[in-house]
>>> print(open('start_33.tsv').read())   # TSV, N, CA and C atoms
chain	number	residue	atom	x	y	z
A	1	MET	N	94.37	-56.32	-79.24
A	1	MET	CA	95.32	-56.02	-78.20
A	1	MET	C	96.18	-57.26	-77.97
A	2	ALA	N	97.45	-57.06	-77.81
A	2	ALA	CA	98.39	-58.16	-77.60
A	2	ALA	C	98.37	-58.59	-76.13
A	3	THR	N	98.68	-59.87	-75.91
A	3	THR	CA	98.74	-60.38	-74.54
A	3	THR	C	100.15	-60.89	-74.24
A	4	CYS	N	100.50	-60.82	-72.97
A	4	CYS	CA	101.81	-61.28	-72.52
A	4	CYS	C	101.84	-62.81	-72.54
A	5	PRO	N	102.86	-63.44	-73.10
A	5	PRO	CA	102.90	-64.90	-73.14
A	5	PRO	C	103.12	-65.54	-71.77
A	6	LYS	N	103.65	-64.79	-70.80
A	6	LYS	CA	103.92	-65.37	-69.48
A	6	LYS	C	102.70	-65.31	-68.57
A	7	CYS	N	102.07	-64.12	-68.46
A	7	CYS	CA	100.98	-63.97	-67.49
A	7	CYS	C	99.62	-63.80	-68.15
A	8	MET	N	99.57	-63.72	-69.45
A	8	MET	CA	98.34	-63.55	-70.23
A	8	MET	C	97.63	-62.24	-69.93
A	9	GLY	N	98.38	-61.27	-69.43
A	9	GLY	CA	97.81	-59.94	-69.18
A	9	GLY	C	97.93	-59.08	-70.43
A	10	ALA	N	97.26	-57.93	-70.40
A	10	ALA	CA	97.33	-57.01	-71.53
A	10	ALA	C	98.75	-56.49	-71.67
A	11	LEU	N	99.27	-56.54	-72.86
A	11	LEU	CA	100.65	-56.13	-73.12
A	11	LEU	C	100.65	-54.66	-73.52
A	12	THR	N	100.81	-53.80	-72.53
A	12	THR	CA	100.85	-52.36	-72.76
A	12	THR	C	102.29	-51.87	-72.66
A	13	GLU	N	102.48	-50.55	-72.76
A	13	GLU	CA	103.83	-49.99	-72.68
A	13	GLU	C	104.48	-50.26	-71.33
A	14	ASN	N	103.73	-50.13	-70.27
A	14	ASN	CA	104.27	-50.26	-68.92
A	14	ASN	C	103.97	-51.62	-68.30
A	15	HIS	N	103.84	-52.65	-69.10
A	15	HIS	CA	103.48	-53.97	-68.57
A	15	HIS	C	104.63	-54.60	-67.81
A	16	ARG	N	104.28	-55.14	-66.63
A	16	ARG	CA	105.22	-55.95	-65.84
A	16	ARG	C	104.46	-57.16	-65.35
A	17	CYS	N	105.01	-58.33	-65.51
A	17	CYS	CA	104.36	-59.55	-65.01
A	17	CYS	C	104.31	-59.48	-63.48
A	18	PRO	N	103.21	-59.96	-62.87
A	18	PRO	CA	103.01	-59.80	-61.44
A	18	PRO	C	104.09	-60.47	-60.58
A	19	HIS	N	104.33	-61.72	-60.76
A	19	HIS	CA	105.29	-62.44	-59.93
A	19	HIS	C	105.94	-63.54	-60.74
A	20	GLY	N	107.10	-63.96	-60.29
A	20	GLY	CA	107.80	-65.05	-60.94
A	20	GLY	C	107.28	-66.40	-60.46
A	21	PRO	N	107.77	-67.49	-61.06
A	21	PRO	CA	107.28	-68.82	-60.69
A	21	PRO	C	107.64	-69.21	-59.26
A	22	LEU	N	108.78	-68.78	-58.76
A	22	LEU	CA	109.17	-69.13	-57.39
A	22	LEU	C	108.20	-68.50	-56.39
A	23	ARG	N	107.80	-67.28	-56.63
A	23	ARG	CA	106.85	-66.60	-55.73
A	23	ARG	C	105.49	-67.31	-55.76
A	24	ARG	N	105.03	-67.72	-56.93
A	24	ARG	CA	103.73	-68.41	-57.02
A	24	ARG	C	103.78	-69.75	-56.31
A	25	ILE	N	104.88	-70.48	-56.46
A	25	ILE	CA	105.02	-71.77	-55.78
A	25	ILE	C	105.07	-71.59	-54.27
A	26	THR	N	105.82	-70.58	-53.81
A	26	THR	CA	105.91	-70.30	-52.38
A	26	THR	C	104.55	-69.92	-51.81
A	27	ASP	N	103.80	-69.10	-52.53
A	27	ASP	CA	102.46	-68.71	-52.07
A	27	ASP	C	101.54	-69.92	-51.96
A	28	ALA	N	101.58	-70.78	-52.97
A	28	ALA	CA	100.70	-71.94	-52.97
A	28	ALA	C	101.07	-72.92	-51.85
A	29	LEU	N	102.36	-73.17	-51.66
A	29	LEU	CA	102.80	-74.10	-50.61
A	29	LEU	C	102.51	-73.56	-49.22
A	30	SER	N	102.66	-72.26	-49.03
A	30	SER	CA	102.34	-71.70	-47.72
A	30	SER	C	100.85	-71.77	-47.44
A	31	THR	N	100.02	-71.59	-48.45
A	31	THR	CA	98.58	-71.70	-48.27
A	31	THR	C	98.19	-73.12	-47.90
A	32	VAL	N	98.73	-74.09	-48.62
A	32	VAL	CA	98.42	-75.50	-48.34
A	32	VAL	C	98.96	-75.90	-46.97
A	33	GLY	N	100.15	-75.43	-46.62
A	33	GLY	CA	100.72	-75.74	-45.31
A	33	GLY	C	99.91	-75.17	-44.17
A	34	MET	N	99.47	-73.93	-44.31
A	34	MET	CA	98.65	-73.32	-43.27
A	34	MET	C	97.30	-74.01	-43.16
A	35	GLY	N	96.72	-74.40	-44.27
A	35	GLY	CA	95.45	-75.13	-44.22
A	35	GLY	C	95.60	-76.47	-43.53
A	36	GLY	N	96.69	-77.16	-43.81
A	36	GLY	CA	96.95	-78.43	-43.13
A	36	GLY	C	97.16	-78.26	-41.65
A	37	LEU	N	97.89	-77.22	-41.28
A	37	LEU	CA	98.14	-76.94	-39.86
A	37	LEU	C	96.83	-76.60	-39.14
A	38	ILE	N	95.99	-75.82	-39.77
A	38	ILE	CA	94.69	-75.49	-39.15
A	38	ILE	C	93.85	-76.74	-38.99
A	39	GLY	N	93.89	-77.64	-39.97
A	39	GLY	CA	93.15	-78.89	-39.86
A	39	GLY	C	93.64	-79.75	-38.71
A	40	VAL	N	94.95	-79.82	-38.52
A	40	VAL	CA	95.51	-80.59	-37.40
A	40	VAL	C	95.12	-79.98	-36.07
A	41	VAL	N	95.23	-78.67	-35.97
A	41	VAL	CA	94.88	-77.98	-34.72
A	41	VAL	C	93.40	-78.20	-34.40
A	42	LEU	N	92.54	-78.10	-35.39
A	42	LEU	CA	91.11	-78.31	-35.14
A	42	LEU	C	90.81	-79.74	-34.72
A	43	SER	N	91.55	-80.71	-35.23
A	43	SER	CA	91.31	-82.08	-34.81
A	43	SER	C	91.70	-82.28	-33.35
A	44	TYR	N	92.76	-81.59	-32.91
A	44	TYR	CA	93.15	-81.67	-31.50
A	44	TYR	C	92.22	-80.87	-30.60
A	45	VAL	N	91.60	-79.82	-31.13
A	45	VAL	CA	90.63	-79.05	-30.35
A	45	VAL	C	89.37	-79.88	-30.10
A	46	MET	N	88.94	-80.62	-31.11
A	46	MET	CA	87.71	-81.40	-30.98
A	46	MET	C	87.91	-82.68	-30.17
A	47	GLU	N	89.06	-83.28	-30.28
A	47	GLU	CA	89.32	-84.57	-29.64
A	47	GLU	C	90.61	-84.46	-28.83
A	48	GLU	N	90.60	-84.96	-27.60
A	48	GLU	CA	91.78	-84.83	-26.75
A	48	GLU	C	92.97	-85.60	-27.30
A	49	ARG	N	92.77	-86.86	-27.66
A	49	ARG	CA	93.83	-87.68	-28.24
A	49	ARG	C	93.31	-88.33	-29.52
A	50	PRO	N	93.32	-87.58	-30.63
A	50	PRO	CA	92.76	-88.13	-31.87
A	50	PRO	C	93.66	-89.21	-32.46
A	51	ARG	N	93.05	-90.10	-33.19
A	51	ARG	CA	93.82	-91.13	-33.89
A	51	ARG	C	94.60	-90.50	-35.03
A	52	LEU	N	95.67	-91.16	-35.42
A	52	LEU	CA	96.53	-90.65	-36.49
A	52	LEU	C	95.75	-90.48	-37.79
A	53	GLU	N	94.84	-91.39	-38.07
A	53	GLU	CA	94.05	-91.31	-39.30
A	53	GLU	C	93.21	-90.04	-39.34
A	54	LEU	N	92.62	-89.69	-38.19
A	54	LEU	CA	91.81	-88.48	-38.12
A	54	LEU	C	92.67	-87.23	-38.32
A	55	VAL	N	93.84	-87.23	-37.73
A	55	VAL	CA	94.74	-86.08	-37.87
A	55	VAL	C	95.18	-85.92	-39.32
A	56	LEU	N	95.54	-87.01	-39.97
A	56	LEU	CA	95.96	-86.94	-41.38
A	56	LEU	C	94.82	-86.52	-42.29
A	57	ALA	N	93.62	-87.05	-42.02
A	57	ALA	CA	92.46	-86.67	-42.83
A	57	ALA	C	92.12	-85.20	-42.64
A	58	ALA	N	92.20	-84.72	-41.41
A	58	ALA	CA	91.92	-83.30	-41.14
A	58	ALA	C	92.95	-82.41	-41.81
A	59	ALA	N	94.21	-82.82	-41.79
A	59	ALA	CA	95.27	-82.04	-42.44
A	59	ALA	C	95.05	-81.99	-43.95
A	60	ALA	N	94.71	-83.12	-44.54
A	60	ALA	CA	94.47	-83.16	-45.99
A	60	ALA	C	93.25	-82.31	-46.36
A	61	LEU	N	92.19	-82.42	-45.59
A	61	LEU	CA	90.99	-81.64	-45.87
A	61	LEU	C	91.27	-80.15	-45.70
A	62	GLY	N	92.00	-79.78	-44.66
A	62	GLY	CA	92.34	-78.38	-44.48
A	62	GLY	C	93.19	-77.84	-45.62
A	63	ALA	N	94.12	-78.64	-46.10
A	63	ALA	CA	94.97	-78.21	-47.21
A	63	ALA	C	94.17	-78.03	-48.48
A	64	VAL	N	93.27	-78.95	-48.76
A	64	VAL	CA	92.45	-78.86	-49.98
A	64	VAL	C	91.51	-77.66	-49.90
A	65	LEU	N	90.87	-77.47	-48.74
A	65	LEU	CA	89.96	-76.33	-48.60
A	65	LEU	C	90.69	-75.00	-48.70
A	66	ALA	N	91.87	-74.91	-48.10
A	66	ALA	CA	92.63	-73.67	-48.18
A	66	ALA	C	93.05	-73.39	-49.62
A	67	SER	N	93.44	-74.41	-50.34
A	67	SER	CA	93.82	-74.24	-51.73
A	67	SER	C	92.62	-73.80	-52.58
A	68	ALA	N	91.46	-74.39	-52.33
A	68	ALA	CA	90.25	-74.02	-53.08
A	68	ALA	C	89.84	-72.58	-52.80
A	69	VAL	N	89.92	-72.18	-51.54
A	69	VAL	CA	89.56	-70.80	-51.18
A	69	VAL	C	90.55	-69.83	-51.81
A	70	ARG	N	91.82	-70.18	-51.81
A	70	ARG	CA	92.84	-69.31	-52.42
A	70	ARG	C	92.58	-69.14	-53.91
A	71	GLN	N	92.25	-70.22	-54.59
A	71	GLN	CA	91.98	-70.13	-56.02
A	71	GLN	C	90.73	-69.32	-56.30
A	72	ALA	N	89.74	-69.39	-55.40
A	72	ALA	CA	88.52	-68.63	-55.60
A	72	ALA	C	88.72	-67.14	-55.32
A	73	VAL	N	89.56	-66.82	-54.35
A	73	VAL	CA	89.76	-65.43	-53.95
A	73	VAL	C	90.74	-64.72	-54.87
A	74	VAL	N	91.83	-65.36	-55.20
A	74	VAL	CA	92.85	-64.74	-56.07
A	74	VAL	C	92.40	-64.94	-57.49
A	75	HIS	N	91.83	-63.90	-58.06
A	75	HIS	CA	91.28	-63.99	-59.40
A	75	HIS	C	92.36	-63.60	-60.41
A	76	ARG	N	92.92	-64.62	-61.05
A	76	ARG	CA	93.94	-64.35	-62.08
A	76	ARG	C	93.35	-64.64	-63.45
A	77	PRO	N	93.66	-63.81	-64.40
A	77	PRO	CA	93.13	-64.06	-65.76
A	77	PRO	C	93.76	-65.26	-66.41
>>> encode(input="start_33.tsv", output="structure tokens")
Amino acid sequence: MATCPKCMGALTENHRCPHGPLRRITDALSTVGMGGLIGVVLSYVMEERPRLELVLAAAALGAVLASAVRQAVVHRP
């Protein structure tokens, strides 16, 4: 069976690639942005006036965790 060179899916008669590169980039950036925002919000929930280092670390950790969860949930071949 032949495979599509763009998405590596099965190349059948009615094959259409799922999304273009702009859509994939937008999805990934929105996931990382939301994870960072959740990390910042949680740092302010736990601490009334957190230090800048804690806020940046929480944002980075939230972004990485959101990206990892997205990659685990969205199963692409």
>>> residues_near_point(input="start_33.tsv", point="(89.0, -78.3, -47.1)", cutoff="12 Å", atoms="only C-alpha atoms", output="list in words")
Thr31, Val32, Met34, Gly35, Gly36, Leu37, Ile38, Gly39, Val40, Ala57, Ala58, Ala59, Ala60, Leu61, Gly62, Ala63, Val64, Leu65, Ala66, Ser67, Ala68, Val69 and Arg70 of chain A
>>> select_by_dssp(input="start_33.tsv", residues="range 1-63 of chain A", states="alpha helix (DSSP H)", output="ChimeraX atom specification")
/A:21-46,52-63
>>> atom_distance(input="start_33.tsv", atom1="CA of Cys17 in chain A", atom2="CA of Ala2 in chain A")
14.0 Å
>>> atom_distance(input="start_33.tsv", atom1="atom N of Met8 in chain A", atom2="CA of Ile25 in chain A")
16.8 Å
>>> axis_aligned_box(input="start_33.tsv", around="range 20-37 of chain A", padding_each_side="6 Å", output="AutoDock Vina command-line options")
--center_x 102.3 --center_y -71.2 --center_z -50.1 --size_x 25.7 --size_y 26.5 --size_z 33.9
>>> atom_distance(input="start_33.tsv", atom1="CA of Ser30 in chain A", atom2="CA of Ala72 in chain A")
16.2 Å
>>> decode(input="start_33.tsv", residues="range 4-20 of chain A", atoms="all heavy atoms", output="mmCIF file, in the first residue's frame")
data_model
loop_
_atom_site.group_PDB
_atom_site.id
_atom_site.type_symbol
_atom_site.label_atom_id
_atom_site.label_comp_id
_atom_site.auth_asym_id
_atom_site.auth_seq_id
_atom_site.Cartn_x
_atom_site.Cartn_y
_atom_site.Cartn_z
ATOM 1 N N CYS A 4 1.212 8.528 1.770
ATOM 2 C CA CYS A 4 1.288 9.928 1.372
ATOM 3 C C CYS A 4 2.629 10.507 1.839
ATOM 4 O O CYS A 4 3.007 10.317 2.994
ATOM 5 C CB CYS A 4 0.128 10.704 1.991
ATOM 6 S SG CYS A 4 0.184 12.467 1.663
ATOM 7 N N PRO A 5 3.356 11.210 0.990
ATOM 8 C CA PRO A 5 4.645 11.763 1.413
ATOM 9 C C PRO A 5 4.522 12.906 2.417
ATOM 10 O O PRO A 5 5.457 13.189 3.146
ATOM 11 C CB PRO A 5 5.273 12.255 0.112
ATOM 12 C CG PRO A 5 4.143 12.422 -0.838
ATOM 13 C CD PRO A 5 3.084 11.455 -0.421
ATOM 14 N N LYS A 6 3.357 13.555 2.493
ATOM 15 C CA LYS A 6 3.195 14.678 3.413
ATOM 16 C C LYS A 6 2.798 14.230 4.810
ATOM 17 O O LYS A 6 3.377 14.655 5.802
ATOM 18 C CB LYS A 6 2.146 15.654 2.887
ATOM 19 C CG LYS A 6 2.584 16.408 1.665
ATOM 20 C CD LYS A 6 1.538 17.406 1.253
ATOM 21 C CE LYS A 6 1.982 18.157 0.018
ATOM 22 N NZ LYS A 6 0.969 19.110 -0.419
ATOM 23 N N CYS A 7 1.765 13.375 4.918
ATOM 24 C CA CYS A 7 1.247 13.015 6.243
ATOM 25 C C CYS A 7 1.531 11.572 6.620
ATOM 26 O O CYS A 7 1.203 11.148 7.728
ATOM 27 C CB CYS A 7 -0.253 13.279 6.307
ATOM 28 S SG CYS A 7 -1.231 12.183 5.252
ATOM 29 N N MET A 8 2.101 10.799 5.731
ATOM 30 C CA MET A 8 2.433 9.391 5.941
ATOM 31 C C MET A 8 1.204 8.520 6.182
ATOM 32 O O MET A 8 1.283 7.461 6.768
ATOM 33 C CB MET A 8 3.415 9.207 7.108
ATOM 34 C CG MET A 8 4.739 9.859 6.866
ATOM 35 S SD MET A 8 5.445 9.234 5.347
ATOM 36 C CE MET A 8 7.133 9.607 5.598
ATOM 37 N N GLY A 9 0.054 8.999 5.734
ATOM 38 C CA GLY A 9 -1.175 8.213 5.840
ATOM 39 C C GLY A 9 -1.323 7.305 4.631
ATOM 40 O O GLY A 9 -0.592 7.405 3.643
ATOM 41 N N ALA A 10 -2.286 6.389 4.712
ATOM 42 C CA ALA A 10 -2.539 5.486 3.596
ATOM 43 C C ALA A 10 -3.048 6.288 2.403
ATOM 44 O O ALA A 10 -3.950 7.113 2.529
ATOM 45 C CB ALA A 10 -3.560 4.435 4.008
ATOM 46 N N LEU A 11 -2.463 6.063 1.263
ATOM 47 C CA LEU A 11 -2.806 6.808 0.053
ATOM 48 C C LEU A 11 -3.892 6.044 -0.694
ATOM 49 O O LEU A 11 -3.634 5.167 -1.500
ATOM 50 C CB LEU A 11 -1.564 6.990 -0.815
ATOM 51 C CG LEU A 11 -1.614 8.046 -1.895
ATOM 52 C CD1 LEU A 11 -1.984 9.403 -1.309
ATOM 53 C CD2 LEU A 11 -0.282 8.146 -2.590
ATOM 54 N N THR A 12 -5.142 6.384 -0.395
ATOM 55 C CA THR A 12 -6.281 5.748 -1.046
ATOM 56 C C THR A 12 -6.875 6.704 -2.071
ATOM 57 O O THR A 12 -6.355 7.800 -2.285
ATOM 58 C CB THR A 12 -7.352 5.376 0.005
ATOM 59 O OG1 THR A 12 -7.782 6.565 0.648
ATOM 60 C CG2 THR A 12 -6.791 4.414 1.030
ATOM 61 N N GLU A 13 -7.990 6.306 -2.686
ATOM 62 C CA GLU A 13 -8.623 7.159 -3.688
ATOM 63 C C GLU A 13 -9.101 8.478 -3.096
ATOM 64 O O GLU A 13 -8.975 9.521 -3.714
ATOM 65 C CB GLU A 13 -9.830 6.431 -4.292
ATOM 66 C CG GLU A 13 -9.488 5.549 -5.451
ATOM 67 C CD GLU A 13 -10.741 4.985 -6.073
ATOM 68 O OE1 GLU A 13 -11.756 5.714 -6.150
ATOM 69 O OE2 GLU A 13 -10.696 3.820 -6.476
ATOM 70 N N ASN A 14 -9.669 8.437 -1.919
ATOM 71 C CA ASN A 14 -10.258 9.622 -1.301
ATOM 72 C C ASN A 14 -9.351 10.239 -0.244
ATOM 73 O O ASN A 14 -9.832 10.869 0.695
ATOM 74 C CB ASN A 14 -11.608 9.265 -0.679
ATOM 75 C CG ASN A 14 -12.567 8.727 -1.709
ATOM 76 O OD1 ASN A 14 -12.581 9.191 -2.843
ATOM 77 N ND2 ASN A 14 -13.355 7.735 -1.326
ATOM 78 N N HIS A 15 -8.052 10.096 -0.375
ATOM 79 C CA HIS A 15 -7.125 10.592 0.649
ATOM 80 C C HIS A 15 -7.046 12.110 0.631
ATOM 81 O O HIS A 15 -6.950 12.738 -0.422
ATOM 82 C CB HIS A 15 -5.724 10.027 0.423
ATOM 83 C CG HIS A 15 -4.699 10.627 1.325
ATOM 84 N ND1 HIS A 15 -4.628 10.304 2.646
ATOM 85 C CD2 HIS A 15 -3.736 11.546 1.101
ATOM 86 C CE1 HIS A 15 -3.654 10.998 3.202
ATOM 87 N NE2 HIS A 15 -3.084 11.756 2.274
ATOM 88 N N ARG A 16 -7.116 12.686 1.835
ATOM 89 C CA ARG A 16 -6.876 14.120 2.025
ATOM 90 C C ARG A 16 -5.999 14.262 3.253
ATOM 91 O O ARG A 16 -6.296 13.681 4.300
ATOM 92 C CB ARG A 16 -8.182 14.873 2.244
ATOM 93 C CG ARG A 16 -9.026 14.922 0.980
ATOM 94 C CD ARG A 16 -10.231 15.757 1.169
ATOM 95 N NE ARG A 16 -9.809 17.107 1.540
ATOM 96 C CZ ARG A 16 -10.642 18.076 1.870
ATOM 97 N NH1 ARG A 16 -11.916 17.831 1.911
ATOM 98 N NH2 ARG A 16 -10.195 19.266 2.182
ATOM 99 N N CYS A 17 -4.947 15.032 3.164
ATOM 100 C CA CYS A 17 -4.080 15.261 4.316
ATOM 101 C C CYS A 17 -4.873 16.019 5.386
ATOM 102 O O CYS A 17 -5.661 16.909 5.064
ATOM 103 C CB CYS A 17 -2.840 16.053 3.924
ATOM 104 S SG CYS A 17 -1.734 15.138 2.846
ATOM 105 N N PRO A 18 -4.662 15.698 6.674
ATOM 106 C CA PRO A 18 -5.486 16.263 7.735
ATOM 107 C C PRO A 18 -5.409 17.785 7.838
ATOM 108 O O PRO A 18 -6.427 18.448 7.834
ATOM 109 C CB PRO A 18 -4.982 15.615 9.008
ATOM 110 C CG PRO A 18 -3.942 14.657 8.628
ATOM 111 C CD PRO A 18 -3.707 14.746 7.164
ATOM 112 N N HIS A 19 -4.249 18.342 7.961
ATOM 113 C CA HIS A 19 -4.113 19.777 8.145
ATOM 114 C C HIS A 19 -2.808 20.244 7.522
ATOM 115 O O HIS A 19 -1.860 19.487 7.396
ATOM 116 C CB HIS A 19 -4.105 20.161 9.625
ATOM 117 C CG HIS A 19 -5.333 19.733 10.345
ATOM 118 N ND1 HIS A 19 -6.559 20.288 10.119
ATOM 119 C CD2 HIS A 19 -5.526 18.791 11.296
ATOM 120 C CE1 HIS A 19 -7.453 19.720 10.893
ATOM 121 N NE2 HIS A 19 -6.853 18.801 11.614
ATOM 122 N N GLY A 20 -2.761 21.519 7.209
ATOM 123 C CA GLY A 20 -1.550 22.105 6.657
ATOM 124 C C GLY A 20 -0.568 22.473 7.759
ATOM 125 O O GLY A 20 -0.863 22.382 8.951
#
